[in-house]
Amino acid sequence: MFDILIKNGFIIDGSGNPWFKADIAIEEGKICKIGRISISEADEIIDASGLIVAPGFIDMHSHSDFFLLINPRSESKIRQGITTEVIGNCGFSIAPLKPDKIEIMKKEIGVLADEVTWDWSTFKEYINKLTRQGSSVNVAPLVGHGTLRLNVMEYENRDPTKDELDEMKALLAESLEAGAFGMSTGLIYAPGSYAKTEEIIELARVASEYGGIYTSHIRNESDKLLEAVKEAIKIGKNANIPVEISHMKSAGKQNWGKVKEALRLLKLAREESIEVTCDFYPYTAGSTGLAACLPPWVHEGGIEEMLKKLQDPALREKIKKDIEEGIEGWENLAKSAGWDRIVISYCERNKEYEGLSISEIAKIRGTNPFDAMFDLLIEEEAVVGIILHMMSEDDMKYVMKHPLSMVGTDGEGYAPYGPLARGKPHPRNYGTFPRILGKYVKEEKVLTLQDAIRKMTSMPAQKLGLLDRGLIREGFWADIVIFDPLKISDKATFSNPHQYPTGIEYVIVNGVKVIEKGKHTGELPGKVLSPKRMM
Ligand SMILES: [Zn+2]
């Protein structure tokens with residue numbers, strides 16, 4: 001007897017092929033039979049008449065590293081049909097973490113840090129903690145380069161010494177040994193932003209030796225987008241490592257249209273045998289921390305030093321000048337976006353500002369946007385979330401349609417209850433995958449259904465070297481989403497983001513139902529996945 005039989009569905013298998021009709025039998029976590037199967041052969045039947053049956057979605061770009069420890073049910077992700085999250089992106093993982101760096105990391109996290117027992121140090125210990133605790137989704141972890149630097153050099157704005165670089169390499173190697181899928185960088189965020197290209201190549205070579213990948217929030221996504229894409233490609237070439245450019249976009253109105261050239265660079269790189277792809281989310285706004293609007297020198301020495309600088313009138317003037325005039329090589333987010341397009345998504349002590357722009361807050365406070373930002377950062381001890389409305393719909397659709405793009409939320413596993421129900425986070429956290437299937441497949445017909453599903457399943461699985469997930473195949477793990485193609489729709493908005501999508505009927509992870517008839521079963525069948533080293 002099979003454990004579960006999915007009857008009468010339209011199967012879209014993740015390969016890009018159109019649907020076919022068949023039944024799927026699941027046993028011991030895996031897909032064991034596809035074809036015409038009698039209901040008498042299974043303990044449990046799911047009637048999928050009129051529904052699409054697809055491989056579970058793989059979120060190529062997630063930041064749930066810490067949220068999974070608070071809420072292993074990862075509601076905002078599993079409700080979208082996501083069965084695997086790739087965590088540790090943008091240079092930021094919460095392991096490895098030397099014991100004397102825990103306090104620094106807690107400051108980066110803010111008040112939520114107290115929700116968790118900080119009892120890991122090595123990457124292995126972090127993976128073990130996740131495994132012990134369980135999760136509704138599978139997890140594929142990356143090591144953050146910023147985290148490696150924080151462990152060894154804290155927030156020092158200089159090149160590493162040979163010993164320091166060797167220590168970073170050793171921490172990276174140990175993490176890859178423990179099961180990391182590769183290394184990520186976030187080259188606009190301190191301390192990762194202090195690294196020159198050569199340092200990253202040196203470290204990426206270590207990741208390459210282990211068959212890992214390199215993912216990057218590149219150094220610039222606005223005025224210097226193309227230069228930053230070239231840097232990522234150079235790293236891929238010199239370190240001989242597959243590259244994933246994170247959340248491909250062209251930010252700031254003056255740069256709209258540049259994604260075409262950026263993607264042409266990816267295509268040219270592939271013609272030179274450099275394996276490079278990218279991911280995207282289907283929105284024209286990004287999200288990050290407000291402190292990312294400050295010049296790199298302000299971040300030197302860490303958060304406490306930054307807050308001290310923000311209280312010094314002379315230094316405030318200097319920051320104003322730097323933002324107004326720019327600094328060579330620095331991505332000036334505030335200038336690119338404009339104060340009225342930067343909206344607060346989270347601030348613990350000034351909740352009334354959530355949903356307001358910096359311009360509006362300045363008006364309320366009777367001051368200018370610069371001082372409003374400085375004061376807010378001081379009051380909130382630097383933990384302020386923002387949404388930046390700075391991309392174009394045409395660019396986003398161009399990236400979506402491009403053969404080299406796959407899907408990533410760039411989000412965290414929120415829940416509309418408990419400590420994670422906070423703020424007005426970017427709706428991508430709840431809506432990314434259903435938004436593509438509803439708005440951009442069903443309504444606007446930007447992609448076919450089978451191509452959208454391919455970008456959510458087999459394409460990221462291939463990139464990660466997950467050779468037994470991402471397709472509906474006999475012998476593959478039973479990560480499966482069953483949805484209504486007519487009802488699928490994202491509901492989360494910028495003003496009301498904590499809302500589940502509609503149309504996702506069942507989500508099965510490793511053969512266990514996590515979403516059943518649109519309800520969370522509480523099950524935690526997710527695994528921390530192991531990379532299948534391909535080299
Ligand atoms: Zn990023």
# chains A, B, ... in the order shown; residues from 1 in each chain; ligands from 1
>>> closest_atom_pairs(of="chain A", to="ligand 1", cutoff="12 Å", atoms="only C-alpha atoms and all ligand atoms", output="Markdown table")
| residue | atom | partner | partner_atom_place_in_ligand_line | distance |
| --- | --- | --- | --- | --- |
| A:Met60 | CA | ligand 1 | 1 (Zn) | 11.9 |
| A:His61 | CA | ligand 1 | 1 (Zn) | 8.5 |
| A:Ser62 | CA | ligand 1 | 1 (Zn) | 9.3 |
| A:His63 | CA | ligand 1 | 1 (Zn) | 9.0 |
| A:Ile87 | CA | ligand 1 | 1 (Zn) | 11.6 |
| A:Gly88 | CA | ligand 1 | 1 (Zn) | 10.4 |
| A:Asn89 | CA | ligand 1 | 1 (Zn) | 7.0 |
| A:Cys90 | CA | ligand 1 | 1 (Zn) | 4.6 |
| A:Gly91 | CA | ligand 1 | 1 (Zn) | 8.2 |
| A:Phe92 | CA | ligand 1 | 1 (Zn) | 9.2 |
| A:Gly144 | CA | ligand 1 | 1 (Zn) | 11.5 |
| A:Ser184 | CA | ligand 1 | 1 (Zn) | 9.8 |
| A:Thr185 | CA | ligand 1 | 1 (Zn) | 8.7 |
| A:Gly186 | CA | ligand 1 | 1 (Zn) | 6.3 |
| A:Leu187 | CA | ligand 1 | 1 (Zn) | 8.9 |
| A:Ile188 | CA | ligand 1 | 1 (Zn) | 8.6 |
| A:Tyr189 | CA | ligand 1 | 1 (Zn) | 9.0 |
| A:Thr215 | CA | ligand 1 | 1 (Zn) | 9.9 |
| A:Ser216 | CA | ligand 1 | 1 (Zn) | 7.7 |
| A:His217 | CA | ligand 1 | 1 (Zn) | 4.7 |
| A:Ile218 | CA | ligand 1 | 1 (Zn) | 8.0 |
| A:Arg219 | CA | ligand 1 | 1 (Zn) | 10.1 |
| A:Asn220 | CA | ligand 1 | 1 (Zn) | 10.7 |
| A:Glu221 | CA | ligand 1 | 1 (Zn) | 10.0 |
| A:Glu244 | CA | ligand 1 | 1 (Zn) | 11.9 |
| A:Ile245 | CA | ligand 1 | 1 (Zn) | 9.6 |
| A:Ser246 | CA | ligand 1 | 1 (Zn) | 6.5 |
| A:His247 | CA | ligand 1 | 1 (Zn) | 6.7 |
| A:Met248 | CA | ligand 1 | 1 (Zn) | 9.6 |
| A:Lys249 | CA | ligand 1 | 1 (Zn) | 10.8 |
| A:Asp279 | CA | ligand 1 | 1 (Zn) | 10.9 |
| A:Phe280 | CA | ligand 1 | 1 (Zn) | 10.6 |
| A:Tyr281 | CA | ligand 1 | 1 (Zn) | 11.3 |
| A:Gly286 | CA | ligand 1 | 1 (Zn) | 8.8 |
| A:Ser287 | CA | ligand 1 | 1 (Zn) | 8.4 |
| A:Thr288 | CA | ligand 1 | 1 (Zn) | 7.6 |
| A:Gly289 | CA | ligand 1 | 1 (Zn) | 10.5 |
| A:Ala292 | CA | ligand 1 | 1 (Zn) | 11.0 |
| A:Gly408 | CA | ligand 1 | 1 (Zn) | 10.7 |
| A:Thr409 | CA | ligand 1 | 1 (Zn) | 10.3 |
| A:Asp410 | CA | ligand 1 | 1 (Zn) | 6.8 |
| A:Gly411 | CA | ligand 1 | 1 (Zn) | 9.5 |
>>> write_last_selection(atoms="C-alpha atoms", output="PDB file, in the first residue's frame")
ATOM      1  CA  MET A  60      16.539  30.405  -4.480  1.00  0.00           C
ATOM      2  CA  HIS A  61      17.009  33.505  -2.380  1.00  0.00           C
ATOM      3  CA  SER A  62      15.847  33.396   1.224  1.00  0.00           C
ATOM      4  CA  HIS A  63      16.875  35.086   4.462  1.00  0.00           C
ATOM      5  CA  ILE A  87      19.299  30.577   3.216  1.00  0.00           C
ATOM      6  CA  GLY A  88      22.488  32.503   4.022  1.00  0.00           C
ATOM      7  CA  ASN A  89      22.196  34.941   1.126  1.00  0.00           C
ATOM      8  CA  CYS A  90      23.526  38.483   0.644  1.00  0.00           C
ATOM      9  CA  GLY A  91      26.701  37.729   2.602  1.00  0.00           C
ATOM     10  CA  PHE A  92      24.730  37.112   5.763  1.00  0.00           C
ATOM     11  CA  GLY A 144      27.839  34.462   4.197  1.00  0.00           C
ATOM     12  CA  SER A 184      27.217  34.338  -0.692  1.00  0.00           C
ATOM     13  CA  THR A 185      28.336  37.947  -0.744  1.00  0.00           C
ATOM     14  CA  GLY A 186      26.456  41.168  -0.006  1.00  0.00           C
ATOM     15  CA  LEU A 187      28.797  43.782  -1.391  1.00  0.00           C
ATOM     16  CA  ILE A 188      26.764  46.803  -0.315  1.00  0.00           C
ATOM     17  CA  TYR A 189      26.667  45.697   3.321  1.00  0.00           C
ATOM     18  CA  THR A 215      25.696  33.833  -4.979  1.00  0.00           C
ATOM     19  CA  SER A 216      25.997  37.592  -4.851  1.00  0.00           C
ATOM     20  CA  HIS A 217      24.085  40.691  -3.955  1.00  0.00           C
ATOM     21  CA  ILE A 218      26.406  42.574  -6.250  1.00  0.00           C
ATOM     22  CA  ARG A 219      28.283  45.762  -5.406  1.00  0.00           C
ATOM     23  CA  ASN A 220      25.890  48.045  -7.224  1.00  0.00           C
ATOM     24  CA  GLU A 221      22.376  47.622  -8.635  1.00  0.00           C
ATOM     25  CA  GLU A 244      24.104  33.256  -9.123  1.00  0.00           C
ATOM     26  CA  ILE A 245      23.407  36.990  -9.290  1.00  0.00           C
ATOM     27  CA  SER A 246      20.819  37.694  -6.640  1.00  0.00           C
ATOM     28  CA  HIS A 247      17.620  39.679  -7.196  1.00  0.00           C
ATOM     29  CA  MET A 248      18.568  41.010 -10.637  1.00  0.00           C
ATOM     30  CA  LYS A 249      17.294  44.551 -11.031  1.00  0.00           C
ATOM     31  CA  ASP A 279      17.106  35.222  -9.667  1.00  0.00           C
ATOM     32  CA  PHE A 280      14.361  37.825  -9.276  1.00  0.00           C
ATOM     33  CA  TYR A 281      11.200  38.650  -7.327  1.00  0.00           C
ATOM     34  CA  GLY A 286      13.221  46.204  -2.869  1.00  0.00           C
ATOM     35  CA  SER A 287      13.745  45.977   0.867  1.00  0.00           C
ATOM     36  CA  THR A 288      16.680  46.261   3.226  1.00  0.00           C
ATOM     37  CA  GLY A 289      17.793  48.043   6.399  1.00  0.00           C
ATOM     38  CA  ALA A 292      22.288  50.599   4.176  1.00  0.00           C
ATOM     39  CA  GLY A 408      13.644  33.872  -5.199  1.00  0.00           C
ATOM     40  CA  THR A 409      11.629  35.753  -2.582  1.00  0.00           C
ATOM     41  CA  ASP A 410      14.577  37.596  -0.966  1.00  0.00           C
ATOM     42  CA  GLY A 411      12.333  37.191   2.061  1.00  0.00           C
TER      43      GLY A 411
END
>>> select_by_dssp(residues="stretch 53-283 of chain A", states="alpha helix (DSSP H)", output="ChimeraX atom specification")
/A:67-70,75-78,102-109,123-133,145-153,162-178,197-209,225-239,258-271
>>> atom_distance(atom1="atom CA of A:Thr432", atom2="atom CA of A:Pro282")
6.3 Å
>>> select_by_dssp(residues="stretch 326-509 of chain A", states="strand (DSSP E or B)", output="list of chain:residue names")
A:Ile342, A:Val343, A:Ile344, A:Ser345, A:Tyr346, A:Ser357, A:Gly385, A:Ile386, A:Ile387, A:Leu388, A:His389, A:Ser405, A:Met406, A:Val407, A:Gly411, A:Trp477, A:Ile480, A:Val481, A:Ile482, A:Phe483, A:Ser489, A:Thr502, A:Ile504, A:Glu505, A:Tyr506, A:Val507, A:Ile508, A:Val509
>>> write_last_selection(atoms="C-alpha atoms", output="mmCIF file, in the first residue's frame")
data_model
loop_
_atom_site.group_PDB
_atom_site.id
_atom_site.type_symbol
_atom_site.label_atom_id
_atom_site.label_comp_id
_atom_site.auth_asym_id
_atom_site.auth_seq_id
_atom_site.Cartn_x
_atom_site.Cartn_y
_atom_site.Cartn_z
ATOM 1 C CA ILE A 342 11.895 54.998 0.949
ATOM 2 C CA VAL A 343 9.154 53.642 3.219
ATOM 3 C CA ILE A 344 9.627 52.251 6.731
ATOM 4 C CA SER A 345 8.659 48.569 6.961
ATOM 5 C CA TYR A 346 9.704 47.983 10.556
ATOM 6 C CA SER A 357 8.164 57.469 3.880
ATOM 7 C CA GLY A 385 13.527 48.010 7.922
ATOM 8 C CA ILE A 386 12.787 49.879 4.706
ATOM 9 C CA ILE A 387 11.109 49.317 1.359
ATOM 10 C CA LEU A 388 12.591 51.126 -1.619
ATOM 11 C CA HIS A 389 10.325 51.761 -4.602
ATOM 12 C CA SER A 405 16.375 33.811 -14.480
ATOM 13 C CA MET A 406 14.780 31.808 -11.686
ATOM 14 C CA VAL A 407 12.638 32.805 -8.709
ATOM 15 C CA GLY A 411 12.333 37.191 2.061
ATOM 16 C CA TRP A 477 11.691 13.171 -3.060
ATOM 17 C CA ILE A 480 4.860 18.572 -4.176
ATOM 18 C CA VAL A 481 2.514 21.535 -4.439
ATOM 19 C CA ILE A 482 -1.088 21.152 -5.576
ATOM 20 C CA PHE A 483 -2.857 24.361 -6.572
ATOM 21 C CA SER A 489 -3.350 34.715 -6.335
ATOM 22 C CA THR A 502 -5.142 31.850 -2.204
ATOM 23 C CA ILE A 504 -2.579 26.652 -2.735
ATOM 24 C CA GLU A 505 -4.502 23.529 -1.657
ATOM 25 C CA TYR A 506 -1.780 21.057 -0.637
ATOM 26 C CA VAL A 507 1.929 21.306 0.049
ATOM 27 C CA ILE A 508 3.797 18.060 0.644
ATOM 28 C CA VAL A 509 7.382 18.020 1.952
#
>>> atom_distance(atom1="atom CA of A:Glu115", atom2="atom CA of A:Leu69")
8.7 Å
>>> closest_residue(among="A:Lys519, A:Arg79, A:Lys513, A:Lys21", to="A:Tyr414", atoms="only C-alpha atoms")
A:Arg79
>>> residues_around(residues="A:Cys347", least_positions_apart="6", cutoff="9 Å", atoms="only C-alpha atoms", output="PyMOL selection string")
chain A and resi 353-354+376+380+383-385+423
>>> residues_around(residues="stretch 444-455 of chain A", least_positions_apart="6", cutoff="8 Å", atoms="only C-alpha atoms", output="PyMOL selection string")
chain A and resi 12+14-19+54+57+397+400-401+405-407+436-437
>>> residues_around(residues="A:Ser38", least_positions_apart="3", cutoff="12 Å", atoms="only C-alpha atoms", output="PyMOL selection string")
chain A and resi 1-2+4-8+22-25+33-35+41-45
>>> write_last_selection(atoms="N, CA and C atoms", output="compact mmCIF listing (two decimals), in the first residue's frame")
# COMPACT_ATOMS: atom_id res chain seq x y z
N MET A 1 0.83 -1.21 0.00
CA MET A 1 0.00 0.00 0.00
C MET A 1 0.87 1.26 0.00
N PHE A 2 0.48 2.20 -0.87
CA PHE A 2 1.19 3.49 -0.88
C PHE A 2 0.71 4.35 0.29
N ILE A 4 0.39 7.83 0.18
CA ILE A 4 -0.54 8.83 -0.37
C ILE A 4 -0.66 8.60 -1.87
N LEU A 5 -1.88 8.77 -2.37
CA LEU A 5 -2.10 8.72 -3.82
C LEU A 5 -2.75 10.03 -4.25
N ILE A 6 -2.11 10.73 -5.17
CA ILE A 6 -2.67 11.98 -5.71
C ILE A 6 -3.36 11.62 -7.02
N LYS A 7 -4.69 11.72 -7.04
CA LYS A 7 -5.50 11.23 -8.17
C LYS A 7 -5.93 12.38 -9.08
N ASN A 8 -5.91 12.12 -10.37
CA ASN A 8 -6.62 12.93 -11.37
C ASN A 8 -6.08 14.35 -11.56
N ALA A 22 -2.03 12.24 -14.92
CA ALA A 22 -1.59 10.99 -14.32
C ALA A 22 -1.81 11.05 -12.82
N ASP A 23 -1.71 9.90 -12.18
CA ASP A 23 -1.76 9.82 -10.72
C ASP A 23 -0.33 9.67 -10.20
N ILE A 24 -0.14 10.10 -8.93
CA ILE A 24 1.20 10.00 -8.33
C ILE A 24 1.08 9.27 -6.99
N ALA A 25 1.89 8.24 -6.82
CA ALA A 25 1.91 7.53 -5.53
C ALA A 25 3.17 7.88 -4.77
N LYS A 33 5.60 6.04 -7.87
CA LYS A 33 4.94 5.58 -9.10
C LYS A 33 4.17 6.74 -9.72
N ILE A 34 4.25 6.85 -11.05
CA ILE A 34 3.48 7.85 -11.79
C ILE A 34 2.74 7.10 -12.89
N GLY A 35 1.43 7.31 -12.99
CA GLY A 35 0.67 6.61 -14.03
C GLY A 35 -0.77 6.46 -13.61
N GLU A 41 -5.00 0.95 -3.89
CA GLU A 41 -3.59 0.68 -3.60
C GLU A 41 -3.00 1.63 -2.55
N ALA A 42 -3.80 2.59 -2.05
CA ALA A 42 -3.21 3.60 -1.15
C ALA A 42 -4.00 3.77 0.14
N ASP A 43 -3.29 4.16 1.19
CA ASP A 43 -3.94 4.44 2.48
C ASP A 43 -4.73 5.74 2.41
N GLU A 44 -4.22 6.68 1.66
CA GLU A 44 -4.86 7.99 1.65
C GLU A 44 -4.91 8.55 0.24
N ILE A 45 -6.05 9.13 -0.11
CA ILE A 45 -6.23 9.65 -1.47
C ILE A 45 -6.37 11.17 -1.41
>>> residues_around(residues="A:Asn71", least_positions_apart="4", cutoff="12 Å", atoms="only C-alpha atoms", output="ChimeraX atom specification")
/A:64-67,75-78,112,115-116,130,133-137,412-421,522,524
>>> write_last_selection(atoms="C-alpha atoms", output="PDB file, in the first residue's frame")
ATOM      1  CA  SER A  64      15.089  32.772   6.920  1.00  0.00           C
ATOM      2  CA  ASP A  65      18.320  31.801   8.736  1.00  0.00           C
ATOM      3  CA  PHE A  66      17.194  33.308  12.015  1.00  0.00           C
ATOM      4  CA  PHE A  67      13.408  33.265  11.569  1.00  0.00           C
ATOM      5  CA  GLU A  75       4.205  29.983   7.230  1.00  0.00           C
ATOM      6  CA  SER A  76       4.746  32.805   4.777  1.00  0.00           C
ATOM      7  CA  LYS A  77       6.936  30.487   2.705  1.00  0.00           C
ATOM      8  CA  ILE A  78       5.184  27.112   2.858  1.00  0.00           C
ATOM      9  CA  LEU A 112      14.121  39.264  18.098  1.00  0.00           C
ATOM     10  CA  GLU A 115      13.665  34.818  21.209  1.00  0.00           C
ATOM     11  CA  VAL A 116      16.414  32.270  20.593  1.00  0.00           C
ATOM     12  CA  LEU A 130      18.008  23.368  12.772  1.00  0.00           C
ATOM     13  CA  GLN A 133      14.288  21.550  15.952  1.00  0.00           C
ATOM     14  CA  GLY A 134      12.826  20.561  12.570  1.00  0.00           C
ATOM     15  CA  SER A 135      11.148  22.780  10.017  1.00  0.00           C
ATOM     16  CA  SER A 136       8.204  22.659   7.654  1.00  0.00           C
ATOM     17  CA  VAL A 137      10.483  23.426   4.694  1.00  0.00           C
ATOM     18  CA  GLU A 412      11.987  35.525   5.444  1.00  0.00           C
ATOM     19  CA  GLY A 413       9.531  32.994   6.801  1.00  0.00           C
ATOM     20  CA  TYR A 414       7.048  35.271   8.574  1.00  0.00           C
ATOM     21  CA  ALA A 415       3.801  34.342  10.287  1.00  0.00           C
ATOM     22  CA  PRO A 416       0.738  36.544  10.824  1.00  0.00           C
ATOM     23  CA  TYR A 417       0.780  35.746  14.566  1.00  0.00           C
ATOM     24  CA  GLY A 418       3.373  35.752  17.343  1.00  0.00           C
ATOM     25  CA  PRO A 419       6.649  37.676  17.346  1.00  0.00           C
ATOM     26  CA  LEU A 420       7.000  37.569  13.547  1.00  0.00           C
ATOM     27  CA  ALA A 421       3.690  39.317  12.851  1.00  0.00           C
ATOM     28  CA  GLY A 522       1.848  21.698  12.055  1.00  0.00           C
ATOM     29  CA  LEU A 524       7.888  19.684  10.397  1.00  0.00           C
TER      30      LEU A 524
END
>>> atom_distance(atom1="atom CA of A:Leu97", atom2="atom CA of A:Asp163")
18.2 Å
>>> closest_residue(among="A:Ile46, A:Ala492, A:Ala382, A:Ile94", to="A:Gly302", atoms="only C-alpha atoms")
A:Ala382
>>> residues_around(residues="A:Lys424", least_positions_apart="2", cutoff="7 Å", atoms="only C-alpha atoms", output="list of chain:residue names")
A:Ser345, A:Tyr346, A:Glu354, A:Gly355, A:Arg422, A:His426, A:Phe494, A:Ser495, A:Asn496, A:Pro497
>>> write_last_selection(atoms="C-alpha atoms", output="short mmCIF file (atom, residue, chain, number, x, y, z; two decimals), in the first residue's frame")
data_model
loop_
_atom_site.label_atom_id
_atom_site.label_comp_id
_atom_site.auth_asym_id
_atom_site.auth_seq_id
_atom_site.Cartn_x
_atom_site.Cartn_y
_atom_site.Cartn_z
CA SER A 345 8.66 48.57 6.96
CA TYR A 346 9.70 47.98 10.56
CA GLU A 354 5.63 51.91 9.74
CA GLY A 355 4.22 52.47 6.26
CA ARG A 422 5.60 42.56 13.18
CA HIS A 426 7.72 43.54 1.91
CA PHE A 494 2.55 46.87 0.92
CA SER A 495 -0.06 48.29 3.28
CA ASN A 496 -1.36 44.88 4.44
CA PRO A 497 1.43 42.35 3.93
#
>>> closest_residue(among="A:Arg341, A:Lys442, A:Lys463, A:Lys351", to="A:Val276", atoms="only C-alpha atoms")
A:Lys463
>>> closest_residue(among="A:Leu404, A:Asn138, A:Val152, A:Glu516", to="A:Ser74", atoms="only C-alpha atoms")
A:Asn138
>>> decode(residues="stretch 471-531 of chain A", atoms="C-alpha atoms", output="PDB file, in the first residue's frame")
ATOM      1  CA  LEU A 471      10.973  17.422 -10.866  1.00  0.00           C
ATOM      2  CA  ILE A 472       8.055  15.003 -10.686  1.00  0.00           C
ATOM      3  CA  ARG A 473       9.969  11.767 -11.312  1.00  0.00           C
ATOM      4  CA  GLU A 474       9.831   8.302  -9.854  1.00  0.00           C
ATOM      5  CA  GLY A 475      12.537   8.038  -7.182  1.00  0.00           C
ATOM      6  CA  PHE A 476      12.592  11.792  -6.488  1.00  0.00           C
ATOM      7  CA  TRP A 477      11.691  13.171  -3.060  1.00  0.00           C
ATOM      8  CA  ALA A 478       7.978  13.898  -2.771  1.00  0.00           C
ATOM      9  CA  ASP A 479       8.138  17.699  -2.483  1.00  0.00           C
ATOM     10  CA  ILE A 480       4.860  18.572  -4.176  1.00  0.00           C
ATOM     11  CA  VAL A 481       2.514  21.535  -4.439  1.00  0.00           C
ATOM     12  CA  ILE A 482      -1.088  21.152  -5.576  1.00  0.00           C
ATOM     13  CA  PHE A 483      -2.857  24.361  -6.572  1.00  0.00           C
ATOM     14  CA  ASP A 484      -5.906  25.687  -8.349  1.00  0.00           C
ATOM     15  CA  PRO A 485      -4.690  27.512 -11.467  1.00  0.00           C
ATOM     16  CA  LEU A 486      -7.867  29.597 -11.578  1.00  0.00           C
ATOM     17  CA  LYS A 487      -7.797  30.679  -7.927  1.00  0.00           C
ATOM     18  CA  ILE A 488      -4.090  31.162  -7.366  1.00  0.00           C
ATOM     19  CA  SER A 489      -3.350  34.715  -6.335  1.00  0.00           C
ATOM     20  CA  ASP A 490      -1.158  36.695  -3.947  1.00  0.00           C
ATOM     21  CA  LYS A 491      -3.025  38.705  -1.333  1.00  0.00           C
ATOM     22  CA  ALA A 492      -0.168  40.456   0.482  1.00  0.00           C
ATOM     23  CA  THR A 493       0.159  44.181  -0.257  1.00  0.00           C
ATOM     24  CA  PHE A 494       2.551  46.872   0.922  1.00  0.00           C
ATOM     25  CA  SER A 495      -0.060  48.290   3.280  1.00  0.00           C
ATOM     26  CA  ASN A 496      -1.356  44.884   4.436  1.00  0.00           C
ATOM     27  CA  PRO A 497       1.427  42.348   3.927  1.00  0.00           C
ATOM     28  CA  HIS A 498       0.694  39.612   6.490  1.00  0.00           C
ATOM     29  CA  GLN A 499      -1.735  37.748   4.232  1.00  0.00           C
ATOM     30  CA  TYR A 500      -1.541  34.277   2.787  1.00  0.00           C
ATOM     31  CA  PRO A 501      -2.096  33.726  -0.912  1.00  0.00           C
ATOM     32  CA  THR A 502      -5.142  31.850  -2.204  1.00  0.00           C
ATOM     33  CA  GLY A 503      -5.342  28.744  -4.364  1.00  0.00           C
ATOM     34  CA  ILE A 504      -2.579  26.652  -2.735  1.00  0.00           C
ATOM     35  CA  GLU A 505      -4.502  23.529  -1.657  1.00  0.00           C
ATOM     36  CA  TYR A 506      -1.780  21.057  -0.637  1.00  0.00           C
ATOM     37  CA  VAL A 507       1.929  21.306   0.049  1.00  0.00           C
ATOM     38  CA  ILE A 508       3.797  18.060   0.644  1.00  0.00           C
ATOM     39  CA  VAL A 509       7.382  18.020   1.952  1.00  0.00           C
ATOM     40  CA  ASN A 510       9.347  14.761   1.900  1.00  0.00           C
ATOM     41  CA  GLY A 511       6.078  12.880   1.529  1.00  0.00           C
ATOM     42  CA  VAL A 512       4.351  14.579   4.482  1.00  0.00           C
ATOM     43  CA  LYS A 513       1.408  16.962   4.135  1.00  0.00           C
ATOM     44  CA  VAL A 514       2.228  20.394   5.585  1.00  0.00           C
ATOM     45  CA  ILE A 515      -0.620  22.278   3.920  1.00  0.00           C
ATOM     46  CA  GLU A 516      -3.875  20.350   3.614  1.00  0.00           C
ATOM     47  CA  LYS A 517      -6.947  21.968   2.067  1.00  0.00           C
ATOM     48  CA  GLY A 518      -5.334  25.339   2.663  1.00  0.00           C
ATOM     49  CA  LYS A 519      -4.515  24.719   6.370  1.00  0.00           C
ATOM     50  CA  HIS A 520      -1.144  24.172   8.063  1.00  0.00           C
ATOM     51  CA  THR A 521      -0.954  20.709   9.645  1.00  0.00           C
ATOM     52  CA  GLY A 522       1.848  21.698  12.055  1.00  0.00           C
ATOM     53  CA  GLU A 523       4.132  19.025  10.589  1.00  0.00           C
ATOM     54  CA  LEU A 524       7.888  19.684  10.397  1.00  0.00           C
ATOM     55  CA  PRO A 525       9.171  17.169   7.817  1.00  0.00           C
ATOM     56  CA  GLY A 526      11.803  19.488   6.292  1.00  0.00           C
ATOM     57  CA  LYS A 527      15.452  18.475   6.218  1.00  0.00           C
ATOM     58  CA  VAL A 528      18.667  20.415   6.074  1.00  0.00           C
ATOM     59  CA  LEU A 529      19.703  19.235   2.626  1.00  0.00           C
ATOM     60  CA  SER A 530      23.167  18.015   1.729  1.00  0.00           C
ATOM     61  CA  PRO A 531      24.833  19.215  -1.424  1.00  0.00           C
TER      62      PRO A 531
END
